[in-house]
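Here is protein01.cif, consisting of mmCIF, C-alpha atoms and all ligand atoms:
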```
data_model
#
loop_
_atom_site.label_atom_id
_atom_site.label_comp_id
_atom_site.auth_asym_id
_atom_site.auth_seq_id
_atom_site.Cartn_x
_atom_site.Cartn_y
_atom_site.Cartn_z
CA MET A 148 14.50 14.05 12.07
CA LYS A 149 13.07 11.67 9.52
CA ASN A 150 12.79 8.86 12.05
CA GLN A 151 11.21 11.10 14.60
CA LYS A 152 8.50 12.02 12.16
CA ARG A 153 7.92 8.41 11.20
CA SER A 154 7.50 7.23 14.77
CA HIS A 155 5.15 10.13 15.43
CA ILE A 156 2.73 8.84 12.79
CA ARG A 157 3.23 5.24 14.01
CA TRP A 158 4.56 3.70 10.82
CA GLU A 159 4.80 0.35 12.62
CA LYS A 160 1.00 0.24 12.47
CA ILE A 161 1.20 0.63 8.72
CA TYR A 162 3.50 -2.41 8.61
CA GLU A 163 1.08 -4.33 10.79
CA ALA A 164 -1.74 -3.47 8.37
CA TYR A 165 0.44 -4.30 5.35
CA ASN A 166 1.27 -7.74 6.74
CA PHE A 167 -2.35 -8.42 7.66
CA LEU A 168 -3.72 -7.30 4.29
CA ASN A 169 -0.98 -9.20 2.48
CA VAL A 170 -2.20 -12.42 4.11
CA GLU A 171 -5.91 -11.65 3.74
CA LEU A 172 -5.92 -10.33 0.16
CA PHE A 173 -2.73 -11.62 -1.50
CA SER A 174 -2.29 -15.00 0.25
CA GLY A 175 0.89 -13.56 1.79
CA HIS A 176 2.62 -13.47 -1.62
CA LEU A 177 3.86 -9.89 -1.49
CA PRO A 178 7.47 -9.35 -0.40
CA PHE A 179 8.85 -6.80 2.02
CA ALA A 180 8.16 -3.23 0.97
CA ASP A 181 9.58 0.00 2.28
CA LEU A 182 6.48 1.78 3.55
CA ARG A 183 6.62 5.51 4.13
CA VAL A 184 4.43 8.40 5.02
CA GLU A 185 5.62 11.63 3.46
CA PRO A 186 4.15 14.78 2.03
CA CYS A 187 3.53 14.28 -1.70
CA SER A 188 2.20 16.92 -3.99
CA GLY A 189 -0.97 15.92 -5.78
CA ASP A 190 -1.02 12.15 -5.25
CA TYR A 191 -2.65 10.28 -2.38
CA ALA A 192 0.08 7.70 -2.63
CA TYR A 193 2.50 6.11 -5.05
CA PHE A 194 4.36 2.89 -5.67
CA GLN A 195 7.94 2.76 -6.87
CA ALA A 196 10.26 -0.13 -7.66
CA VAL A 197 13.91 0.89 -7.54
CA ALA A 198 16.33 -1.49 -9.23
CA ASP A 199 19.38 -0.76 -7.10
CA ASN A 200 19.87 -0.75 -3.36
CA SER A 201 20.37 2.98 -3.13
CA LYS A 202 18.37 3.50 0.01
CA ASP A 203 19.49 4.58 3.41
CA PRO A 204 21.00 1.44 5.00
CA SER A 205 20.26 2.54 8.54
CA THR A 206 16.61 2.81 7.66
CA GLU A 207 16.52 -0.62 6.11
CA GLU A 208 18.25 -2.11 9.13
CA GLU A 209 15.69 -0.48 11.35
CA PHE A 210 12.84 -1.92 9.31
CA CYS A 211 14.36 -5.40 9.26
CA GLU A 212 14.91 -5.32 12.97
CA TRP A 213 11.31 -4.44 13.55
CA LEU A 214 10.06 -7.09 11.19
CA ALA A 215 12.48 -9.65 12.63
CA GLN A 216 12.61 -11.23 9.19
CA GLU A 217 16.06 -10.41 7.92
CA SER A 218 15.77 -12.72 4.94
CA VAL A 219 13.10 -10.61 3.27
CA CYS A 220 15.37 -7.58 3.27
CA ASP A 221 18.67 -8.71 1.85
CA THR A 222 18.09 -9.16 -1.88
CA GLY A 223 16.10 -7.87 -4.79
CA PRO A 224 14.90 -4.44 -5.76
CA ILE A 225 13.64 -2.01 -3.19
CA ARG A 226 9.91 -1.66 -3.48
CA LYS A 227 8.57 1.46 -1.94
CA ILE A 228 5.04 2.58 -1.14
CA VAL A 229 4.61 6.16 -0.07
CA LEU A 230 1.39 7.35 1.52
CA ASN A 231 0.75 11.08 1.52
CA SER A 232 0.92 12.36 5.11
CA GLU A 233 -2.04 14.61 4.31
CA LEU A 234 -4.25 11.50 4.31
CA PHE A 235 -3.75 11.16 8.05
CA THR A 236 -5.43 14.47 8.75
CA ASN A 237 -8.69 13.96 6.88
CA HIS A 238 -9.23 10.28 5.97
CA THR A 239 -10.55 7.35 7.98
CA ASP A 240 -8.37 4.29 8.66
CA LYS A 241 -10.58 2.34 6.26
CA ALA A 242 -9.99 4.85 3.45
CA ILE A 243 -6.23 5.10 4.11
CA LEU A 244 -5.77 1.32 4.10
CA ALA A 245 -7.82 1.03 0.88
CA ILE A 246 -5.27 3.42 -0.65
CA LEU A 247 -2.48 1.22 0.72
CA VAL A 248 -4.13 -1.83 -0.92
CA HIS A 249 -4.39 0.08 -4.22
CA GLU A 250 -0.59 0.55 -4.07
CA MET A 251 -0.03 -3.05 -2.93
CA LEU A 252 -1.80 -4.06 -6.10
CA HIS A 253 0.74 -2.12 -8.16
CA LEU A 254 3.43 -4.06 -6.30
CA TRP A 255 1.60 -7.34 -6.96
CA GLN A 256 1.44 -6.50 -10.66
CA GLU A 257 5.11 -5.56 -10.77
CA ILE A 258 6.02 -9.07 -9.60
CA TYR A 259 3.25 -11.35 -10.84
CA GLY A 260 1.54 -9.45 -13.63
CA LYS A 261 2.06 -7.19 -16.61
CA PRO A 262 2.22 -3.60 -15.43
CA LEU A 263 2.23 -0.57 -17.67
CA ARG A 264 4.22 2.08 -15.84
CA GLY A 265 2.19 5.08 -14.76
CA HIS A 266 -0.99 3.41 -15.91
CA HIS A 267 -3.81 1.32 -14.50
CA ASN A 268 -4.53 -1.36 -17.06
CA ARG A 269 -7.24 -3.99 -17.36
CA GLN A 270 -5.33 -6.63 -15.45
CA TRP A 271 -4.84 -4.22 -12.55
CA ALA A 272 -8.51 -3.18 -12.62
CA GLY A 273 -9.68 -6.82 -12.68
CA LYS A 274 -7.59 -7.73 -9.65
CA MET A 275 -8.79 -4.59 -7.83
CA LYS A 276 -12.42 -5.66 -8.27
CA ALA A 277 -11.59 -9.20 -7.16
CA ILE A 278 -10.24 -7.91 -3.86
CA GLY A 279 -13.16 -5.58 -3.27
CA LEU A 280 -12.14 -2.18 -4.60
CA ALA A 281 -14.00 -0.77 -7.61
CA PRO A 282 -11.61 1.29 -9.76
CA THR A 283 -12.84 4.56 -11.24
CA ASN A 284 -11.06 6.85 -13.66
CA LEU A 285 -10.96 10.27 -12.01
CA TYR A 286 -11.76 12.10 -15.25
CA TRP A 287 -13.93 9.56 -17.06
CA PRO A 288 -16.08 7.90 -14.36
CA ASN A 289 -17.32 5.20 -16.72
CA LEU A 290 -13.79 3.90 -17.20
CA GLU A 291 -11.91 1.61 -14.81
CA THR A 292 -8.49 2.10 -16.40
CA GLY A 293 -6.21 4.99 -17.30
CA LYS A 294 -3.52 7.16 -15.75
CA PHE A 295 -5.53 8.74 -12.94
CA VAL A 296 -7.64 6.07 -11.29
CA GLY A 297 -9.18 6.09 -7.83
CA HIS A 298 -11.38 3.47 -6.24
CA ARG A 299 -14.54 2.88 -4.25
CA ILE A 300 -14.74 0.32 -1.47
CA ILE A 301 -17.21 -2.43 -2.45
CA GLU A 302 -19.62 -3.13 0.37
CA ASN A 303 -19.05 -6.65 1.71
CA GLY A 304 -16.20 -7.14 -0.74
CA LEU A 305 -12.98 -8.84 0.35
CA TYR A 306 -11.33 -5.60 1.39
CA ALA A 307 -14.32 -4.43 3.46
CA LYS A 308 -14.42 -7.81 5.20
CA ALA A 309 -10.66 -7.82 5.85
CA PHE A 310 -10.85 -4.33 7.30
CA ARG A 311 -13.71 -5.36 9.60
CA LYS A 312 -11.61 -8.28 10.83
CA LEU A 313 -8.64 -6.00 11.49
CA LYS A 314 -10.79 -3.47 13.30
CA ALA A 315 -12.36 -6.18 15.44
CA ARG A 316 -8.87 -6.87 16.81
CA GLY A 317 -8.78 -3.31 18.10
CA PHE A 318 -6.50 -2.07 15.34
CA LYS A 319 -6.08 1.68 14.98
CA LEU A 320 -3.74 3.46 12.61
CA ARG A 321 -3.51 6.45 14.91
CA THR A 322 -3.87 6.81 18.63
ZN ZN B 1 -2.55 3.61 -8.81
#
```
Rewritten as structure tokens:
Amino acid sequence: MKNQKRSHIRWEKIYEAYNFLNVELFSGHLPFADLRVEPCSGDYAYFQAVADNSKDPSTEEEFCEWLAQESVCDTGPIRKIVLNSELFTNHTDKAILAILVHEMLHLWQEIYGKPLRGHHNRQWAGKMKAIGLAPTNLYWPNLETGKFVGHRIIENGLYAKAFRKLKARGFKLRT
């Protein structure tokens, strides 16, 4: 059932976008991540790093097969990004992928930076701006950091340009 649902929303397109944005915005430095689309209460998306390999092996195999890059899958913690399936009913591709990039930045910080779990700190906010997303605290709009932080796409910023490039290739998250 799970797999049926995933193929229905074309999760392979999310991987295609992840790989593209990884190259464009992170110089390809981000490792394999388990990308999912599931209903989540409240959040648009979340990032999770799980220390042990406690995930469904058949699922991982399936992902590795699709990626045809077995080496990226066999060691290290499982890093998971979950996008809320609700996003696919009322958000544009550009907005959904900006949310994906927001989560990719949490992953980046987990590996290369100094994250504060459940928080968006100054390092995270600085990197967000550098890649073209302006962070905004959802309760205190003058702040860029905090627990609940959204973002605005900066016009002609790196993300906006990368998305334009992806779109010019005919990319669509949904068909
Ligand atoms: Zn966040």
Using all atoms listed in the file, list the residues that have an atom at most 10 Å from (2.5, -2.4, 6.1), coordinates as in the file, as JSON, numbers by chain.
{"A": [158, 159, 160, 161, 162, 163, 164, 165, 166, 167, 168, 169, 179, 180, 181, 182, 183, 228, 244, 247, 248, 251]}
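Taking atom CA of A:Ser232 and atom CA of A:Tyr193 as endpoints, the distance between them is 12.0 Å.
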Identify, counting only C-alpha atoms and all ligand atoms, the protein, DNA and RNA residues located within 12 Å of ligand ZN 1 (chain B), and give them as a VMD selection string.
chain A and resid 190 to 195 228 to 230 245 to 256 262 to 268 271 to 272 275 280 282 to 285 291 to 298
What does the distance from atom CA of A:Phe235 to atom CA of A:Lys312 come to in Å, to one decimal?
21.2 Å
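Between atom CA of A:Gly317 and atom CA of A:His176 there is a distance of 24.9 Å.
Among the candidates A:Ala309, A:Ala281, A:Ala196, A:Cys187, the one nearest to A:Leu234 when counting only C-alpha atoms is A:Cys187.
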Could you check which of A:Lys276, A:Arg269, A:Arg321, A:Lys241 is closest to A:Leu305, using all atoms listed in the file?
A:Lys276
Using only the atoms of stretch 164-177 of chain A listed in the file, plus 5 Å on each side, state the axis-aligned box centre and edge lengths in Å rounded to one decimal, as AutoDock Vina command-line options.
```
--center_x -1.0 --center_y -9.2 --center_z 3.4 --size_x 19.8 --size_y 21.5 --size_z 20.0
```
Restricting to all atoms listed in the file, whichever of A:Arg316, A:Arg226, A:Gly189, A:Ile301 is closest to A:Ile258 is A:Arg226
